[in-house]
Amino acid sequence: MSVLRILCSVFVLTASSLAAAAPRFTLDPPHAGPPTGSVCGNGRLRCLAHVVLTPDGQISANVNPAGLVPADIQSAYNIDTNISGAPTVAIVDAFGYANLESDLATYRSQFGLPPCTRSNGCLTIVNQNGQPSPLPDDPPANDDWTIETALDIDMVSAACPRCKILVVQADDNQGDGLFFANDAAASLHATTVSNSWGGSENPSSPVSAVEGHFDHPGIAIFASGGDSGYDNAGVGPNYPATSAYVIGVGGTRLARSSAGRGWSETAWSKGGSGCSLSVPKPSFQPPSPCAFRASADVAAVGDPATGVAVYATNGPGWIVVGGTSAASPIVAAIFAATDHGNATPAFVAQSTSAYYDVTSGSNGSCGSILCTAGVGWDGPTGYGTPNASALAGTSGGGGGGGGGGLGVKITTPADNAHVNAEFPIVATASGPTVAVGLGIDGKLVSTLTAPPYVFHAPPSLSTGAHTVQVAVADANQNVVVTEIHVVVEDLPPPDDLSGSDGTAACSTSHGADGVPLALVLVGLVARRRRRANRDRAR
């Protein structure tokens with residue numbers, strides 16, 4: 001069976017996907033608040049953005065911004081925008097978007113945010129293979145992912161104005177491009193990845209065929225939980241929000257309040273939650289009626305009635321948008337900005353004090369915490385919504401399935417520094433560390449097993465731009481990776497690649513060519529553990 005056929009069997013098509021001549025948007029069922037519509041519900045995989053409509057069913061366009069603006073997002077989630085460095089948030093969407101850069105410029109200029117352009121290195125747009133060209137064509141009018149993409153890039157801008165934005169555009173939403181786009185985002189060293197799309201799991205086709213596209217240790221991947229309530233209104237849980245490797249993001253109704261933090265949140269009635277049909281139940285998941293993995297893990301504003309301001313030429317102009325499509329990029333940007341680009345679902349479960357617990361509201365009538373918000377974890381909102389300030393003070397990230405406080409940080413040099421040959425790399429590590437490895441451009445250079453973690457770049461490193469990675473692993477093969485970018489200005493005499501502790505550089509004997517640093521380090525730790533077990537057996 002072909003890869004495409006396997007992938008196609010993972011999801012079921014909704015009735016709206018089969019419409020022969022769908023309108024520009026699909027009118028949502030009647031609900032409290034203004035009428036809304038889904039802008040891209042016409043493919044096998046659908047985005048989860050919902051626009052506010054006028055009473056006669058047209059997209060409600062505004063001369064000036066309406067809805068929540070960056071200052072509101074920053075206030076609601078206690079975000080400090082003065083961060084060091086420039087982490088990269090990757091946005092994975094379908095189709096092209098010719099006006100992307102100009103629309104983003106309009107949004108950021110309106111709110112006094114620093115410019116984010118391709119020319120200044122803040123904005124990168126690539127296709128599903130990670131290449132700058134050719135980019136896909138814009139979507140058809142009745143499946144308008146440009147509004148979805150505008151929502152995503154605007155929410156990253158609002159939650160993390162200093163973040164770089166990487167937009168990965170899949171060819172369409174019918175084939176496997178959206179899955180491959182996650183691999184491309186990882187290969188381009190995204191700090192976090194946001195997926196504001198999904199499809200219902202099919203009970204006859206386990207999602208194991210596509211799970212590997214979200215398995216990128218050291219990179220936090222987020223996905224919208226859905227927009228049709230609990231269990232996708234009976235159609236099935238929304239994937240990839242239920243992936244073992246993905247942090248599922250639910251939706252809330254966010255409103256100003258005179259008490260507490262100045263904002264109140266309840267579960268959005270249409271926000272998605274559910275139980276996977278095949279992804280194993282993880283050990284960190286709290287007791288629930290689910291036999292398999294449950295979502296969501298965390299949440300943010302999603303109700304279009306308390307939606308966000310977005311600028312999109314095809315909107316046209318300033319529009320109000322909601323859906324868990326808004327929540328996912330907000331949370332992804334917050335995690336990137338607070339130095340948690342290595343977070344996993346397990347980390348979320350281990351860091352409950354870093355969230356605002358949402359204790360009211362529901363997204364269905366299942367009769368349990370799977371669809372009713374309450375104290376602690378619940379299906380609609382997970383562990384709650386991010387308190388960015390508290391999250392910034394939480395150590396570790398638990399890469400590769402949860403490392404119990406495992407963490408690593410590069411202290412020297414700074415990100416984007418210009419350095420001389422054989423420059424030093426200094427790192428700190430926390431948690432039950434077994435090995436710390438230095439990687440340059442994805443290849444393991446050397447390892448250390450005890451602090452201080454001080455490395456030196458190899459003398460044969462060429463001049464120009466390079467990616468420096470430091471990975472830490474524990475005895476259970478959990479791995480956390482952090483990285484910076486540097487520019488080498490000198491080219492010293494060629495020499496062999498050797499580690500600061502005498503450990504041989506990664507070569508074909510280590511199987512490292514083309515293999516990510518994290519995987520090589522996992523192999524190294526596994527070999528050391530097997531050797532220790534043999535020694536004890538003797």
# chains A, B, ... in the order shown; residues from 1 in each chain; ligands from 1
$ closest_atom_pairs --of "segment 22-140 of chain A" --to "segment 463-483 of chain A" --cutoff "12 Å" --atoms "only C-alpha atoms" --output "Markdown table"
| residue | atom | partner | partner_atom | distance |
| --- | --- | --- | --- | --- |
| A:Gly85 | CA | A:Glu483 | CA | 10.9 |
| A:Ala86 | CA | A:Glu483 | CA | 11.2 |
| A:Pro87 | CA | A:Glu483 | CA | 9.5 |
| A:Thr88 | CA | A:Glu483 | CA | 10.9 |
$ select_by_dssp --residues "segment 54-95 of chain A" --states "alpha helix (DSSP H)" --output "list in words"
Pro70, Ala71, Asp72, Ile73, Gln74, Ser75 and Ala76 of chain A
$ write_last_selection --atoms "N, CA and C atoms" --output "short mmCIF file (atom, residue, chain, number, x, y, z; two decimals), in the first residue's frame"
data_model
loop_
_atom_site.label_atom_id
_atom_site.label_comp_id
_atom_site.auth_asym_id
_atom_site.auth_seq_id
_atom_site.Cartn_x
_atom_site.Cartn_y
_atom_site.Cartn_z
N PRO A 70 -2.68 42.51 20.80
CA PRO A 70 -1.51 41.97 21.50
C PRO A 70 -1.43 42.33 22.98
N ALA A 71 -1.75 43.59 23.34
CA ALA A 71 -1.68 43.97 24.76
C ALA A 71 -2.64 43.14 25.60
N ASP A 72 -3.79 42.75 25.02
CA ASP A 72 -4.74 41.91 25.75
C ASP A 72 -4.18 40.50 25.96
N ILE A 73 -3.61 39.93 24.91
CA ILE A 73 -3.03 38.59 25.00
C ILE A 73 -1.90 38.58 26.04
N GLN A 74 -1.06 39.60 25.97
CA GLN A 74 0.07 39.67 26.90
C GLN A 74 -0.39 39.85 28.34
N SER A 75 -1.45 40.63 28.54
CA SER A 75 -1.99 40.82 29.88
C SER A 75 -2.66 39.56 30.40
N ALA A 76 -3.47 38.94 29.56
CA ALA A 76 -4.24 37.76 29.99
C ALA A 76 -3.34 36.61 30.40
#
$ closest_residue --among "A:Ala185, A:Val69, A:Cys47, A:Ile484" --to "Thr149 of chain A" --atoms "only C-alpha atoms"
A:Cys47
$ closest_residue --among "A:Gly248, A:Gly364, A:Gly307, A:Pro287" --to "Thr385 of chain A" --atoms "only C-alpha atoms"
A:Gly248
$ residues_around --residues "Asp183 of chain A" --least-positions-apart "6" --cutoff "12 Å" --atoms "only C-alpha atoms" --output "list in words"
Ala90, Val92, Asn127, Gln128, Asn129, Gly130, Val168, Ala170, Asp176, Gly177, His189, Ala190, Val193, Val210, Glu211, Gly212, His213, Phe214, Asp215, His216, Pro217, Ile219 and Ile221 of chain A
$ atom_distance --atom1 "atom CA of Trp377 of chain A" --atom2 "atom CA of Gln285 of chain A"
9.0 Å
$ atom_distance --atom1 "atom CA of Leu113 of chain A" --atom2 "atom CA of Val331 of chain A"
18.7 Å
$ closest_residue --among "A:Val321, A:Val207, A:Val298, A:Ala105" --to "Leu53 of chain A" --atoms "only C-alpha atoms"
A:Val321
$ closest_residue --among "A:Asp339, A:Glu422, A:Asp103, A:Glu489" --to "Thr313 of chain A" --atoms "only C-alpha atoms"
A:Asp103
$ residues_around --residues "Gly236 of chain A" --least-positions-apart "2" --cutoff "10 Å" --atoms "only C-alpha atoms" --output "list in words"
Phe11, Val12, Gly199, Ser200, Glu201, Asn202, Pro203, Tyr230, Asp231, Asn232, Ala233, Gly234, Asn238, Tyr239, Ser273, Gly274, Cys275, Ser276 and Leu277 of chain A
$ select_by_dssp --residues "segment 337-411 of chain A" --states "strand (DSSP E or B)" --output "PyMOL selection string"
chain A and resi 355-356+362+372+378+382+385-386+407-411
$ atom_distance --atom1 "atom CA of Asp171 of chain A" --atom2 "atom CA of Cys40 of chain A"
14.7 Å
$ closest_residue --among "A:Ala186, A:Ser462, A:Gly121, A:Leu370" --to "Asn416 of chain A" --atoms "only C-alpha atoms"
A:Gly121
